[in-house]
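Okay, structure first, notes after.
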Amino acid sequence: MSQSQKHPPEHVAAVDLGSNSFHMVVAKLRAGELIIVDRLREMVRLGAGLNAQRHLTQDAQQRALSCLERFGQRLRDMPPGSVRAVGTNALRAARNAGQFLVEAEKALGHPIDIISGIEEARLIYEGVAQSLATDGKRRLVMDIGGGSTEYIVGVDKVPLRKESLRMGCVSMGLAYFSDGKITNKRFKHAVIAARQELEPFEYALRKGCWDEAVGASGTLRAIRKILVDRGWSKDGITADGLNQLVNTLLALGQVDKSGFPDLNPDRYPIFASGVAILYATFKALDMQHMQVSDGALREGLLYDLLGRIYHDDIRSRTVAALAARYHVDLQHVSCIQETLKSFLRQVPSVGAIDRETAEQWLNWAATLHEIGLDIAHSQYHKHSAYIIENADLPGFSRQDQVLLATLVRVHRRKFQLKLFKELTPPWNQAAKPLAVLLRLAIVLNRSRHGNPLPNIKLGLGDSRVDLRFPKQWLENQPLTAADLEQEAGNLGAAEIELTYL
């Protein structure tokens, strides 16, 4: 669902379902600018609730749902399209994430997207970039999460390289400091494990590729606070100050109130692992200093949402870039999109999906439906769908990519109804009629002659679609008539009746 530029919401919100803690930020929208009015944070430790089979335990799910119910009370009156909620590494890894999301969305009252690590990195950079000067400097941004750590190199507001590594303060803590004890051996092994994760990217991320380093997470803000408060660093995080912190951790052997009275107790179980990841990064990348930003994933979500509200959706730029990469015939795409536009003018809405949103998704599917031709002509619709579902597509969530891939996958040949059942609501109902419209628009433009089609009357029902052409037009277009006859058979096999005259 989308908010019209003419009627933007008064408030917008972002919710981050992290592997360690859940965050919510609410902002007032004033003349296109964001003014933060509310922040909430709860330590949920969702990542610690993944069992050996990579299922979220009932206890972890209940902690998460209780938190989301409280967040949901704050967001209850906010309209659709004004809240962006995302799940990160723990939900990426959980095999029962789909089942959990059904209850989670009920508790929150808004959709929740699962985003890839690369998309998380992009959003983190966007949040950090908003809080820093536009000065042309090349920056390395680092964010230590509960289940993953992101590294992004960019200039001003443009990310140039994005990496997401599967190491985080929760997962690393469970692996090396599960009982809270910190020894030289354990810390050394944790640092080596982090450096192993970094090793393939070390050369590309080493100093010389960037001018300054910026940290962006609760863990890094906590480390900076301790270093500054104790006089180990005057500003930000320094290599010398970090060495002093590591020596203190090893001398104390644990993190508790007696040794770290200035640290939030929620951070005791994950602090040593966060320090180990940061220490490994400083060593691997020959880093001497890191400043710390208040901007992070939540702020990036808000600005990304702002772009969608004001029709500057990065997903459209992503689709255009992918089309260029795979040499899409844009003239043919334009003809299909014009037919779809004509169809949608005759369809007020598709279930819970408004016309504007339906047109957006159909235009994207029309643009990308033939990208698989660059791989092979045979079964190209399957190749197209595979690329869309598995590529890193900036702006798209995992659910977004599955939806777009499904529309493209069923645009020809067999109409597989089972694929729609696997989509998240409301798309599990709405995608089927949209896919029918896409199929018909492609069939009617199959000749690629570029000439405009006549005025076609459309009737669309749950299990039938009716097309009415001007008198004698079909008689003069025998190939189109033959194509429609074949399509009637394809749809009929899926118990959808196509009639045309």
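Order determines the names: the first chain of the structure tokens is A, the second B, and so forth; residues in each chain are numbered 1 upward, and ligands are numbered 1 upward as they are shown.
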Any idea what's packed within 12 Å of region 473-476 of chain A, counting only C-alpha atoms, ignoring anything in its chain fewer than 3 positions away? Could you give it as a PDB file with N, CA and C atoms, in the first residue's frame?
```pdb
ATOM      1  N   LEU A 444      -1.226  -9.992 -25.876  1.00  0.00           N
ATOM      2  CA  LEU A 444      -1.767  -9.030 -26.840  1.00  0.00           C
ATOM      3  C   LEU A 444      -0.680  -8.206 -27.523  1.00  0.00           C
ATOM      4  N   LEU A 453      -2.794  -0.793 -29.468  1.00  0.00           N
ATOM      5  CA  LEU A 453      -3.941  -1.706 -29.510  1.00  0.00           C
ATOM      6  C   LEU A 453      -5.238  -0.907 -29.512  1.00  0.00           C
ATOM      7  N   PRO A 454      -6.335  -1.495 -29.972  1.00  0.00           N
ATOM      8  CA  PRO A 454      -7.625  -0.793 -29.932  1.00  0.00           C
ATOM      9  C   PRO A 454      -8.136  -0.714 -28.501  1.00  0.00           C
ATOM     10  N   ASN A 455      -9.222  -0.048 -28.316  1.00  0.00           N
ATOM     11  CA  ASN A 455      -9.864   0.034 -27.004  1.00  0.00           C
ATOM     12  C   ASN A 455     -10.434  -1.339 -26.650  1.00  0.00           C
ATOM     13  N   ILE A 456      -9.929  -1.933 -25.583  1.00  0.00           N
ATOM     14  CA  ILE A 456     -10.337  -3.280 -25.179  1.00  0.00           C
ATOM     15  C   ILE A 456     -11.097  -3.187 -23.863  1.00  0.00           C
ATOM     16  N   LEU A 467     -12.704 -10.373 -22.304  1.00  0.00           N
ATOM     17  CA  LEU A 467     -12.160  -9.316 -23.154  1.00  0.00           C
ATOM     18  C   LEU A 467     -13.129  -9.045 -24.298  1.00  0.00           C
ATOM     19  N   ARG A 468     -13.381  -7.774 -24.566  1.00  0.00           N
ATOM     20  CA  ARG A 468     -14.242  -7.386 -25.680  1.00  0.00           C
ATOM     21  C   ARG A 468     -13.485  -6.406 -26.582  1.00  0.00           C
ATOM     22  N   PHE A 469     -13.342  -6.814 -27.855  1.00  0.00           N
ATOM     23  CA  PHE A 469     -12.604  -6.018 -28.839  1.00  0.00           C
ATOM     24  C   PHE A 469     -13.582  -5.301 -29.763  1.00  0.00           C
ATOM     25  N   PRO A 470     -13.147  -4.241 -30.436  1.00  0.00           N
ATOM     26  CA  PRO A 470     -14.008  -3.612 -31.452  1.00  0.00           C
ATOM     27  C   PRO A 470     -14.415  -4.636 -32.513  1.00  0.00           C
ATOM     28  N   LEU A 479      -3.437 -14.129 -35.792  1.00  0.00           N
ATOM     29  CA  LEU A 479      -2.405 -14.605 -34.869  1.00  0.00           C
ATOM     30  C   LEU A 479      -2.762 -14.278 -33.428  1.00  0.00           C
ATOM     31  N   THR A 480      -3.266 -13.069 -33.191  1.00  0.00           N
ATOM     32  CA  THR A 480      -3.695 -12.695 -31.837  1.00  0.00           C
ATOM     33  C   THR A 480      -4.839 -13.590 -31.384  1.00  0.00           C
ATOM     34  N   ALA A 481      -5.772 -13.882 -32.294  1.00  0.00           N
ATOM     35  CA  ALA A 481      -6.885 -14.770 -31.951  1.00  0.00           C
ATOM     36  C   ALA A 481      -6.377 -16.157 -31.580  1.00  0.00           C
ATOM     37  N   ALA A 482      -5.376 -16.639 -32.317  1.00  0.00           N
ATOM     38  CA  ALA A 482      -4.796 -17.949 -32.007  1.00  0.00           C
ATOM     39  C   ALA A 482      -4.074 -17.927 -30.662  1.00  0.00           C
ATOM     40  N   ASP A 483      -3.372 -16.820 -30.386  1.00  0.00           N
ATOM     41  CA  ASP A 483      -2.679 -16.684 -29.098  1.00  0.00           C
ATOM     42  C   ASP A 483      -3.676 -16.686 -27.939  1.00  0.00           C
ATOM     43  N   LEU A 484      -4.797 -15.990 -28.120  1.00  0.00           N
ATOM     44  CA  LEU A 484      -5.823 -15.949 -27.072  1.00  0.00           C
ATOM     45  C   LEU A 484      -6.461 -17.319 -26.863  1.00  0.00           C
ATOM     46  N   GLU A 485      -6.630 -18.048 -27.948  1.00  0.00           N
ATOM     47  CA  GLU A 485      -7.189 -19.399 -27.819  1.00  0.00           C
ATOM     48  C   GLU A 485      -6.256 -20.289 -26.997  1.00  0.00           C
ATOM     49  N   TYR A 500     -13.451 -14.129 -24.949  1.00  0.00           N
ATOM     50  CA  TYR A 500     -13.077 -12.956 -25.739  1.00  0.00           C
ATOM     51  C   TYR A 500     -13.935 -12.915 -26.981  1.00  0.00           C
ATOM     52  N   LEU A 501     -14.181 -11.723 -27.446  1.00  0.00           N
ATOM     53  CA  LEU A 501     -15.076 -11.532 -28.611  1.00  0.00           C
ATOM     54  C   LEU A 501     -14.692 -10.261 -29.342  1.00  0.00           C
TER      55      LEU A 501
END
```
Tell me which protein, DNA and RNA residues are within 12 Å of Pro269 (chain A), counting only C-alpha atoms, leaving out same-chain ones fewer than 5 positions away, and put them as a count of residues only.
27
Write out as an NGL selection string which residues come within 9 Å of region 22-39 of chain A when counting only C-alpha atoms, dropping same-chain ones fewer than 5 positions away.
:A and (8-17 or 44-46 or 64 or 67-68 or 71 or 75 or 83 or 85 or 298-299 or 302-303 or 306 or 310)
Keeping only N, CA and C atoms, take the residues you just selected and write them out as a PDB file, in the first residue's frame.
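Result file is part.pdb:
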```
ATOM      1  N   PRO A   8       0.452  12.973   2.265  1.00  0.00           N
ATOM      2  CA  PRO A   8       1.425  12.217   3.055  1.00  0.00           C
ATOM      3  C   PRO A   8       0.960  12.110   4.501  1.00  0.00           C
ATOM      4  N   PRO A   9       1.378  11.068   5.210  1.00  0.00           N
ATOM      5  CA  PRO A   9       0.980  10.912   6.612  1.00  0.00           C
ATOM      6  C   PRO A   9       1.630  11.974   7.491  1.00  0.00           C
ATOM      7  N   GLU A  10       1.008  12.246   8.636  1.00  0.00           N
ATOM      8  CA  GLU A  10       1.587  13.224   9.570  1.00  0.00           C
ATOM      9  C   GLU A  10       2.814  12.642  10.276  1.00  0.00           C
ATOM     10  N   HIS A  11       2.768  11.343  10.550  1.00  0.00           N
ATOM     11  CA  HIS A  11       3.877  10.679  11.227  1.00  0.00           C
ATOM     12  C   HIS A  11       4.279   9.431  10.452  1.00  0.00           C
ATOM     13  N   VAL A  12       5.555   9.072  10.544  1.00  0.00           N
ATOM     14  CA  VAL A  12       6.063   7.824   9.993  1.00  0.00           C
ATOM     15  C   VAL A  12       6.863   7.120  11.079  1.00  0.00           C
ATOM     16  N   ALA A  13       7.030   5.810  10.914  1.00  0.00           N
ATOM     17  CA  ALA A  13       7.745   5.042  11.932  1.00  0.00           C
ATOM     18  C   ALA A  13       8.567   3.947  11.288  1.00  0.00           C
ATOM     19  N   ALA A  14       9.642   3.566  11.977  1.00  0.00           N
ATOM     20  CA  ALA A  14      10.488   2.456  11.541  1.00  0.00           C
ATOM     21  C   ALA A  14      10.658   1.502  12.714  1.00  0.00           C
ATOM     22  N   VAL A  15      10.589   0.214  12.413  1.00  0.00           N
ATOM     23  CA  VAL A  15      10.759  -0.823  13.435  1.00  0.00           C
ATOM     24  C   VAL A  15      11.829  -1.793  12.944  1.00  0.00           C
ATOM     25  N   ASP A  16      12.819  -2.032  13.787  1.00  0.00           N
ATOM     26  CA  ASP A  16      13.949  -2.901  13.464  1.00  0.00           C
ATOM     27  C   ASP A  16      13.899  -4.107  14.396  1.00  0.00           C
ATOM     28  N   LEU A  17      13.588  -5.288  13.834  1.00  0.00           N
ATOM     29  CA  LEU A  17      13.564  -6.517  14.611  1.00  0.00           C
ATOM     30  C   LEU A  17      14.947  -7.145  14.523  1.00  0.00           C
ATOM     31  N   VAL A  44      15.496  -8.144  23.234  1.00  0.00           N
ATOM     32  CA  VAL A  44      14.709  -9.356  22.999  1.00  0.00           C
ATOM     33  C   VAL A  44      15.607 -10.574  22.822  1.00  0.00           C
ATOM     34  N   ARG A  45      16.803 -10.372  22.269  1.00  0.00           N
ATOM     35  CA  ARG A  45      17.779 -11.439  22.013  1.00  0.00           C
ATOM     36  C   ARG A  45      17.163 -12.570  21.206  1.00  0.00           C
ATOM     37  N   LEU A  46      16.550 -12.197  20.109  1.00  0.00           N
ATOM     38  CA  LEU A  46      15.907 -13.167  19.230  1.00  0.00           C
ATOM     39  C   LEU A  46      16.913 -14.172  18.687  1.00  0.00           C
ATOM     40  N   ALA A  64       9.470 -11.870  21.685  1.00  0.00           N
ATOM     41  CA  ALA A  64       9.350 -10.979  20.538  1.00  0.00           C
ATOM     42  C   ALA A  64       7.923 -10.475  20.369  1.00  0.00           C
ATOM     43  N   CYS A  67       6.940  -7.842  22.917  1.00  0.00           N
ATOM     44  CA  CYS A  67       7.531  -6.547  22.568  1.00  0.00           C
ATOM     45  C   CYS A  67       6.758  -5.898  21.427  1.00  0.00           C
ATOM     46  N   LEU A  68       6.437  -6.673  20.405  1.00  0.00           N
ATOM     47  CA  LEU A  68       5.739  -6.119  19.243  1.00  0.00           C
ATOM     48  C   LEU A  68       4.328  -5.666  19.596  1.00  0.00           C
ATOM     49  N   PHE A  71       4.907  -2.255  21.003  1.00  0.00           N
ATOM     50  CA  PHE A  71       5.159  -1.344  19.883  1.00  0.00           C
ATOM     51  C   PHE A  71       3.862  -1.071  19.126  1.00  0.00           C
ATOM     52  N   LEU A  75       1.711   2.264  17.532  1.00  0.00           N
ATOM     53  CA  LEU A  75       1.548   2.433  16.084  1.00  0.00           C
ATOM     54  C   LEU A  75       0.132   2.142  15.597  1.00  0.00           C
ATOM     55  N   VAL A  83       4.445   2.959   8.125  1.00  0.00           N
ATOM     56  CA  VAL A  83       5.335   2.228   9.025  1.00  0.00           C
ATOM     57  C   VAL A  83       6.155   1.235   8.207  1.00  0.00           C
ATOM     58  N   ALA A  85       8.693  -1.865   8.835  1.00  0.00           N
ATOM     59  CA  ALA A  85       9.250  -2.787   9.824  1.00  0.00           C
ATOM     60  C   ALA A  85      10.047  -3.863   9.103  1.00  0.00           C
ATOM     61  N   ARG A 298      17.470   2.164  11.709  1.00  0.00           N
ATOM     62  CA  ARG A 298      16.133   2.768  11.852  1.00  0.00           C
ATOM     63  C   ARG A 298      16.024   4.064  11.068  1.00  0.00           C
ATOM     64  N   GLU A 299      17.039   4.910  11.166  1.00  0.00           N
ATOM     65  CA  GLU A 299      17.006   6.170  10.429  1.00  0.00           C
ATOM     66  C   GLU A 299      17.029   5.915   8.919  1.00  0.00           C
ATOM     67  N   LEU A 302      13.584   5.075   7.810  1.00  0.00           N
ATOM     68  CA  LEU A 302      12.711   6.252   7.729  1.00  0.00           C
ATOM     69  C   LEU A 302      12.949   7.016   6.426  1.00  0.00           C
ATOM     70  N   TYR A 303      14.216   7.235   6.075  1.00  0.00           N
ATOM     71  CA  TYR A 303      14.491   7.993   4.857  1.00  0.00           C
ATOM     72  C   TYR A 303      14.125   7.194   3.607  1.00  0.00           C
ATOM     73  N   LEU A 306      10.500   7.607   3.328  1.00  0.00           N
ATOM     74  CA  LEU A 306      10.223   8.950   2.830  1.00  0.00           C
ATOM     75  C   LEU A 306      10.309   8.983   1.304  1.00  0.00           C
ATOM     76  N   TYR A 310       7.215  10.006  -1.315  1.00  0.00           N
ATOM     77  CA  TYR A 310       7.338  11.101  -2.284  1.00  0.00           C
ATOM     78  C   TYR A 310       7.775  10.610  -3.660  1.00  0.00           C
TER      79      TYR A 310
END
```
When you draw a straight line from CA of Arg448 (chain A) to CA of Glu356 (chain A), how long is it in Å?
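CA of Glu356 (chain A) lies at a distance of 26.2 Å from CA of Arg448 (chain A).
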Could you check which of A:Ser217, A:Gln399, A:Asn247, A:Ser116 is closest to Pro425 (chain A), using only C-alpha atoms?
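Checking each of A:Ser217, A:Gln399, A:Asn247, A:Ser116 against Pro425 (chain A), counting only C-alpha atoms, the winner is A:Gln399.
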Show me, as a PDB file with C-alpha atoms, in the first residue's frame, the residues that have an atom within 7 Å of region 101-105 of chain A when counting only C-alpha atoms, minus same-chain residues fewer than 5 positions from it.
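Saved as selection_31.pdb:
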```
ATOM      1  CA  LEU A  65       5.549 -10.977  20.284  1.00  0.00           C
ATOM      2  CA  LEU A  68       5.739  -6.119  19.243  1.00  0.00           C
ATOM      3  CA  HIS A 110       1.774  -3.544  10.163  1.00  0.00           C
ATOM      4  CA  PRO A 111       3.666  -5.672   7.579  1.00  0.00           C
ATOM      5  CA  ILE A 112       7.155  -6.901   8.435  1.00  0.00           C
TER       6      ILE A 112
END
```
Excluding same-chain residues fewer than 6 positions from Ala222 (chain A), what lies within 12 Å of it counting only C-alpha atoms, as a ChimeraX atom specification?
/A:144,215-216,228-229,236-237,245,260,262-268,270-272,274-275,292-294
Residue contacts of Ala430 (chain A) (9 Å, only C-alpha atoms) excluding same-chain residues fewer than 3 positions away, as a PyMOL selection string
chain A and resi 350-353+358+420+425-427+433-435
Secondary structure check, helix (DSSP H, G or I) residues of region 51-190 of chain A, as a count of residues only
63
Å distance separating CA of Leu440 (chain A) from CA of Leu368 (chain A), one decimal place:
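It comes out at 16.0 Å.
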How many Å lie between CA of Asn445 (chain A) and CA of Arg325 (chain A), rounded to one decimal?
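According to the coordinates, CA of Asn445 (chain A) and CA of Arg325 (chain A) are separated by 23.0 Å.
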Can you pull out every residue within 10 Å of Arg355 (chain A), counting only C-alpha atoms, but drop anything in the same chain fewer than 4 positions away, and send it as a list in words?
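These residues fall inside the cut-off: Met1, Ser2, Lys341, Leu344, Arg345, Gln346, Val347, Pro348, Ser349, Val350, Glu359 and Gln360 of chain A.
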N, CA and C atoms of the current selection, written as a PDB file, in the first residue's frame:
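Printed below is out-v2.pdb as written:
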```
ATOM      1  N   MET A   1       0.852  -1.183   0.000  1.00  0.00           N
ATOM      2  CA  MET A   1       0.000   0.000   0.000  1.00  0.00           C
ATOM      3  C   MET A   1       0.889   1.236   0.000  1.00  0.00           C
ATOM      4  N   SER A   2       0.478   2.263  -0.655  1.00  0.00           N
ATOM      5  CA  SER A   2       1.327   3.451  -0.749  1.00  0.00           C
ATOM      6  C   SER A   2       0.557   4.696  -0.369  1.00  0.00           C
ATOM      7  N   LYS A 341      -1.987  -0.468 -18.080  1.00  0.00           N
ATOM      8  CA  LYS A 341      -2.592   0.769 -17.580  1.00  0.00           C
ATOM      9  C   LYS A 341      -4.053   0.854 -18.007  1.00  0.00           C
ATOM     10  N   LEU A 344      -6.054  -1.601 -15.867  1.00  0.00           N
ATOM     11  CA  LEU A 344      -6.224  -1.185 -14.474  1.00  0.00           C
ATOM     12  C   LEU A 344      -7.206  -0.027 -14.338  1.00  0.00           C
ATOM     13  N   ARG A 345      -7.348   0.787 -15.370  1.00  0.00           N
ATOM     14  CA  ARG A 345      -8.360   1.847 -15.319  1.00  0.00           C
ATOM     15  C   ARG A 345      -9.765   1.257 -15.205  1.00  0.00           C
ATOM     16  N   GLN A 346      -9.904   0.008 -15.610  1.00  0.00           N
ATOM     17  CA  GLN A 346     -11.206  -0.654 -15.570  1.00  0.00           C
ATOM     18  C   GLN A 346     -11.360  -1.533 -14.334  1.00  0.00           C
ATOM     19  N   VAL A 347     -10.326  -1.561 -13.492  1.00  0.00           N
ATOM     20  CA  VAL A 347     -10.347  -2.366 -12.261  1.00  0.00           C
ATOM     21  C   VAL A 347     -10.063  -1.436 -11.082  1.00  0.00           C
ATOM     22  N   PRO A 348     -11.057  -1.064 -10.279  1.00  0.00           N
ATOM     23  CA  PRO A 348     -10.850  -0.096  -9.189  1.00  0.00           C
ATOM     24  C   PRO A 348      -9.784  -0.530  -8.190  1.00  0.00           C
ATOM     25  N   SER A 349      -9.772  -1.824  -7.862  1.00  0.00           N
ATOM     26  CA  SER A 349      -8.789  -2.354  -6.909  1.00  0.00           C
ATOM     27  C   SER A 349      -8.720  -3.857  -7.090  1.00  0.00           C
ATOM     28  N   VAL A 350      -7.669  -4.440  -6.534  1.00  0.00           N
ATOM     29  CA  VAL A 350      -7.522  -5.892  -6.568  1.00  0.00           C
ATOM     30  C   VAL A 350      -7.430  -6.375  -5.126  1.00  0.00           C
ATOM     31  N   GLU A 359      -0.369  -1.156 -10.175  1.00  0.00           N
ATOM     32  CA  GLU A 359       0.316  -0.705 -11.387  1.00  0.00           C
ATOM     33  C   GLU A 359       1.831  -0.708 -11.192  1.00  0.00           C
ATOM     34  N   GLN A 360       2.281  -0.327 -10.008  1.00  0.00           N
ATOM     35  CA  GLN A 360       3.715  -0.318  -9.725  1.00  0.00           C
ATOM     36  C   GLN A 360       4.311  -1.717  -9.875  1.00  0.00           C
TER      37      GLN A 360
END
```
For each of A:Ile375, A:Val153, A:Ala52, A:Ile118, take the minimum atom-to-atom distance to Arg166 (chain A), counting only C-alpha atoms, then give the residue where this is smallest.
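Using only C-alpha atoms, Arg166 (chain A) sits closest to A:Ile118.
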